[in-house]
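Q: First the structure, then my questions, so here it is.
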Amino acid sequence: MAGTAFLKTTRTAGVSQSQFLGFTKARAIFFLLFAALIAVGPQFLYPIFLIKVYCFIIFACGYNLLLGYTGLMSFGHAAFFGMGAYLCGYAATQWGLPFELSVLAGTVIAAAMGLVFGWIAIRRTGLYFAMITLALAQMVYFIAMQAPFTGGENGIQSIPRGTVLGFIDLSSNTTLYWVISVIVLAAVAFYNRIIHSPFGQVLRAVRNNPERAKSLGYNVDRFKLAAFTISAAMAGFAASLKTITFGIATLTDVSYVISTEVVLINLVGGIGTIFGPVVGSFFILSLEHFLAPYGPWVLLIQGIVFTVFVLLFRQGIVGELQKRFRTHL
Amino acid sequence: MANAVLTVRGIVRSFGAFRAVDEVNLDIIEGEIHALIGPNGAGKTTFFNLLTGSLPLTEGEIRLRGEVISGLPMDEIARRGIVRSYQISSIFPDFTALANVRFALQRKRGANFDFWRSERSLESLHGRALELLDELGLVEWADVRAGDLPYGRKRALEIATTLALDPQILLLDEPTSGMGREDIGRVVDLIRKVSKGRTVVMVEHNLSVVEGLCNNVTVLARGRVIASGSYKDVASNEKVVEAYLGAAHA
Ligand SMILES: Nc1ncnc2c1ncn2[C@@H]1O[C@H](COP(=O)(O)OP(=O)(O)O)[C@@H](O)[C@H]1O
Ligand SMILES: [Mg+2]
């Protein structure tokens with residue numbers, strides 16, 4: 001038996017061999033395709049639009065960590081996204097903080113809010129969890145509307161882009177594009193790493209069978225809270241980058257539309273997949289971008305897309321690709 | 001009792017007006033294999049739910065080596081060494097059989113919040129995981145998705161996962177139900193083997209298994225203990241015979 005056991009060990013280990021940046025082979029190929037797309041993207045599309053897509057990819061990765069891998073559905077991520085945007089903007093304009101520290105401020109405030117909101121919400125599951133997150137986010141929206149530091153209807157404007165490390169000037173769109181490109185690639189690799197870490201293993205188990213995870217001695221609520229906090233931090237980080245890029249933080253960033261958009265992105269891309277957030281962000285934001293001239297028609301098209309995916313392709317585009325190619329992406 | 005590892009005093013669990021577990025007192029002796037038997041609906045699984053903190057008590061108290069554990073969260077009780085398997089197999093269906101067992105080993109290893117580390121750091125647990133799978137005749141199934149295993153294999157996998165935690169007190173809820181004769185023999189041998197140095201409480205319907213394996217037997221009916229003692233004492237007890245016949249006639 002020992003002989004068989006040995007063979008099995010090597011075989012099982014073999015499954016995860018030949019990795020690149022922590023990606024399995026199929027995912028490494030997908031990742032390189034994404035990198036190639038980033039490289040040629042500006043030749044075909046407006047770089048600021050692409051940067052927006054990349055910011056939403058980071059946001060959606062954090063969200064998928066929660067929905068796809070931990071099994072928690074939040075309707076309140078706009079709170080983290082919006083407050084991250086505001087604080088980053090505030091730090092850059094009022095405190096005069098450099099790029100790195102402004103982004104850090106936006107990330108930290110979102111993480112802190114995530115910790116508090118998560119602590120309140122994880123006492124419930126399913127629809128109740130979603131409703132608590134929605135209610136808390138609506139309260140944050142109200143505060144954002146009333147509080148002086150957000151600039152009310154005007155928002156925070158003229159946020160300077162500053163420099164990276166004190167010498168890479170971000171005022172040029174091209175420079176900014178390459179900086180954000182590096183960040184989004186690192187973020188996707190980081191997201192993949194979290195999911196394929198000992199911690200990620202626990203999250204997947206929690207989603208699979210929370211009762212059994214508890215009965216094996218895992219403090220399930222703490223793992224959920226940690227996932228929620230990381231997810232909120234990624235929302236704040238993404239929002240900070242977007243704020244720096246566009247130079248404004250407004251009520252739109254904190255409104256429920258943001259919360260539903262990130263759900264839609266993951267639904268279309270593929271819940272519980274590594275590259276779902278990438279594909280979903282490109283898809284949904286392109287739809288918005290190219291249909292923008294038609295005004296409210298965007299909403300109609302979005303509604304149709306949502307319905308089609310829920311009814312026909314519940315695993316999203318990447319989920320369908322996985323089935324087609326019998327691999328994990 | 002001096003060498004009781006678990007002491008259960010006056011525990012009650014009500015569901016509305018119905019008392020599923022009703023004033024149960026029980027001592028589990030260190031190192032014994034203790035059987036819990038009784039007709040369906042007697043409250044055996046509920047009793048396990050109370051021991052593991054999966055359900056809160058309505059009344060009473062449970063102590064582990066003198067320390068009160070009733071009221072503690074379920075995961076804390078598990079970390080103190082009381083681990084169970086479920087009557088309805090509780091596995092991680094999307095994980096392979098190997099990953100199921102590894103997940104239990106991972107908890108003992110710790111460092112589970114390490115989100116920056118590769119999961120390949122868990123591969124050092126594969127050797128032990130395969131040993132456990134081997135003990136339950138599951139090596140050939142190591143790479144199979146647990147949700148796709150046949151019924152009996154799922155039960156075996158759950159036992160392997162439970163054993164991976166090396167618990168002081170092992171609670172097994174109908175470990176052999178739905179298994180073929182050969183697998184039952186395997187599980188019985190395994191329980192005997194792993195019972196060295198630990199305490200086992202098992203719910204078991206197969207009375208020949210109980211007779212061959214267990215030092216003490218407690219009989220529950222309608223949430224109450226109606227008899228307790230060696231298999232022989234209990235088997236000849238009138239109340240027990242009546243409870244079983246009563247249930248059969250009902
Ligand atoms: N969560 C629950 N809610 C209501 N009734 C329950 C619950 N769990 C168990 N019961 C009832 O308690 C009684 C004992 O159930 P159980 O402990 O599963 O019995 P056993 O394991 O001995 O067959 C049954 O009548 C069952 O219907
Ligand atoms: Mg039962």
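To be explicit about the labels: the chains of the structure tokens are called A, B, and onward in the order shown, and within each one the residues are counted from 1, while ligands get numbers from 1 in the order they are shown.
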Give me, as a PyMOL selection string, all polymer residues having an atom no more than 9 Å from Pro198 (chain A), counting only C-alpha atoms and skipping those fewer than 5 positions away in the same chain.

A: (chain A and resi 203) or (chain B and resi 106+111-122)

Q: Which residues form the shell of 6 Å around ligand 1 when you count only C-alpha atoms and all ligand atoms, given as a list in words?

A: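 What falls inside 6 Å of ligand 1 is Phe15, Ala20, Asn40, Gly41, Ala42, Gly43, Lys44, Thr45 and Thr46 of chain B.
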
Q: Residues up to 12 Å from ligand 2, counting only C-alpha atoms and all ligand atoms: could you list those as a VMD selection string?

A: chain B and resid 20 36 to 49 85 to 89 172 to 175 177 202 to 205 220 223

Q: Given only C-alpha atoms as the basis, pick out the residue of A:Ser215, A:Thr125, A:Thr327, A:Gln157 nearest to chain B.

A: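 The answer is A:Ser215, which sits nearest to chain B.
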
Q: Please provide the set of residues having any atom within 9 Å of region 62-77 of chain A, restricted to only C-alpha atoms, with same-chain residues fewer than 3 positions apart removed, written as a PyMOL selection string.

A: chain A and resi 57-59+80-82+114+122+125-127+129-138+191+194-195+200+202-208+223-224+227-228+230-235+254+256+258-260+262-263+266+270-274+276-277

Q: Check region 28-87 of chain B with DSSP on the backbone and list each residue it calls alpha helix (DSSP H), as an MDAnalysis selection string.

A: chainID B and resid 44:51 74:79

Q: For the residues in the current selection, export N, CA and C atoms as a compact mmCIF listing (two decimals), in the first residue's frame.

A:
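What ended up in selection12.txt:
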# COMPACT_ATOMS: atom_id res chain seq x y z
N LYS B 44 -30.99 10.78 19.84
CA LYS B 44 -29.56 10.47 19.84
C LYS B 44 -28.76 11.54 19.09
N THR B 45 -29.23 11.87 17.89
CA THR B 45 -28.52 12.89 17.12
C THR B 45 -28.60 14.24 17.82
N THR B 46 -29.75 14.55 18.37
CA THR B 46 -29.89 15.80 19.12
C THR B 46 -28.90 15.83 20.28
N PHE B 47 -28.74 14.70 20.93
CA PHE B 47 -27.78 14.60 22.04
C PHE B 47 -26.36 14.94 21.56
N PHE B 48 -25.99 14.41 20.39
CA PHE B 48 -24.68 14.75 19.81
C PHE B 48 -24.59 16.24 19.49
N ASN B 49 -25.69 16.78 18.96
CA ASN B 49 -25.71 18.21 18.64
C ASN B 49 -25.47 19.05 19.90
N LEU B 50 -25.98 18.56 21.01
CA LEU B 50 -25.78 19.30 22.27
C LEU B 50 -24.35 19.14 22.77
N LEU B 51 -23.81 17.95 22.66
CA LEU B 51 -22.43 17.72 23.12
C LEU B 51 -21.43 18.58 22.34
N MET B 74 -19.34 26.01 18.85
CA MET B 74 -19.05 24.69 18.29
C MET B 74 -17.58 24.50 17.90
N ASP B 75 -16.98 25.50 17.29
CA ASP B 75 -15.59 25.33 16.85
C ASP B 75 -14.65 25.26 18.05
N GLU B 76 -14.99 25.98 19.11
CA GLU B 76 -14.17 25.94 20.32
C GLU B 76 -14.23 24.55 20.95
N ILE B 77 -15.43 23.98 20.98
CA ILE B 77 -15.57 22.62 21.54
C ILE B 77 -14.75 21.62 20.70
N ALA B 78 -14.80 21.81 19.39
CA ALA B 78 -14.02 20.92 18.52
C ALA B 78 -12.52 21.07 18.82
N ARG B 79 -12.08 22.30 19.02
CA ARG B 79 -10.65 22.50 19.30
C ARG B 79 -10.25 21.93 20.65
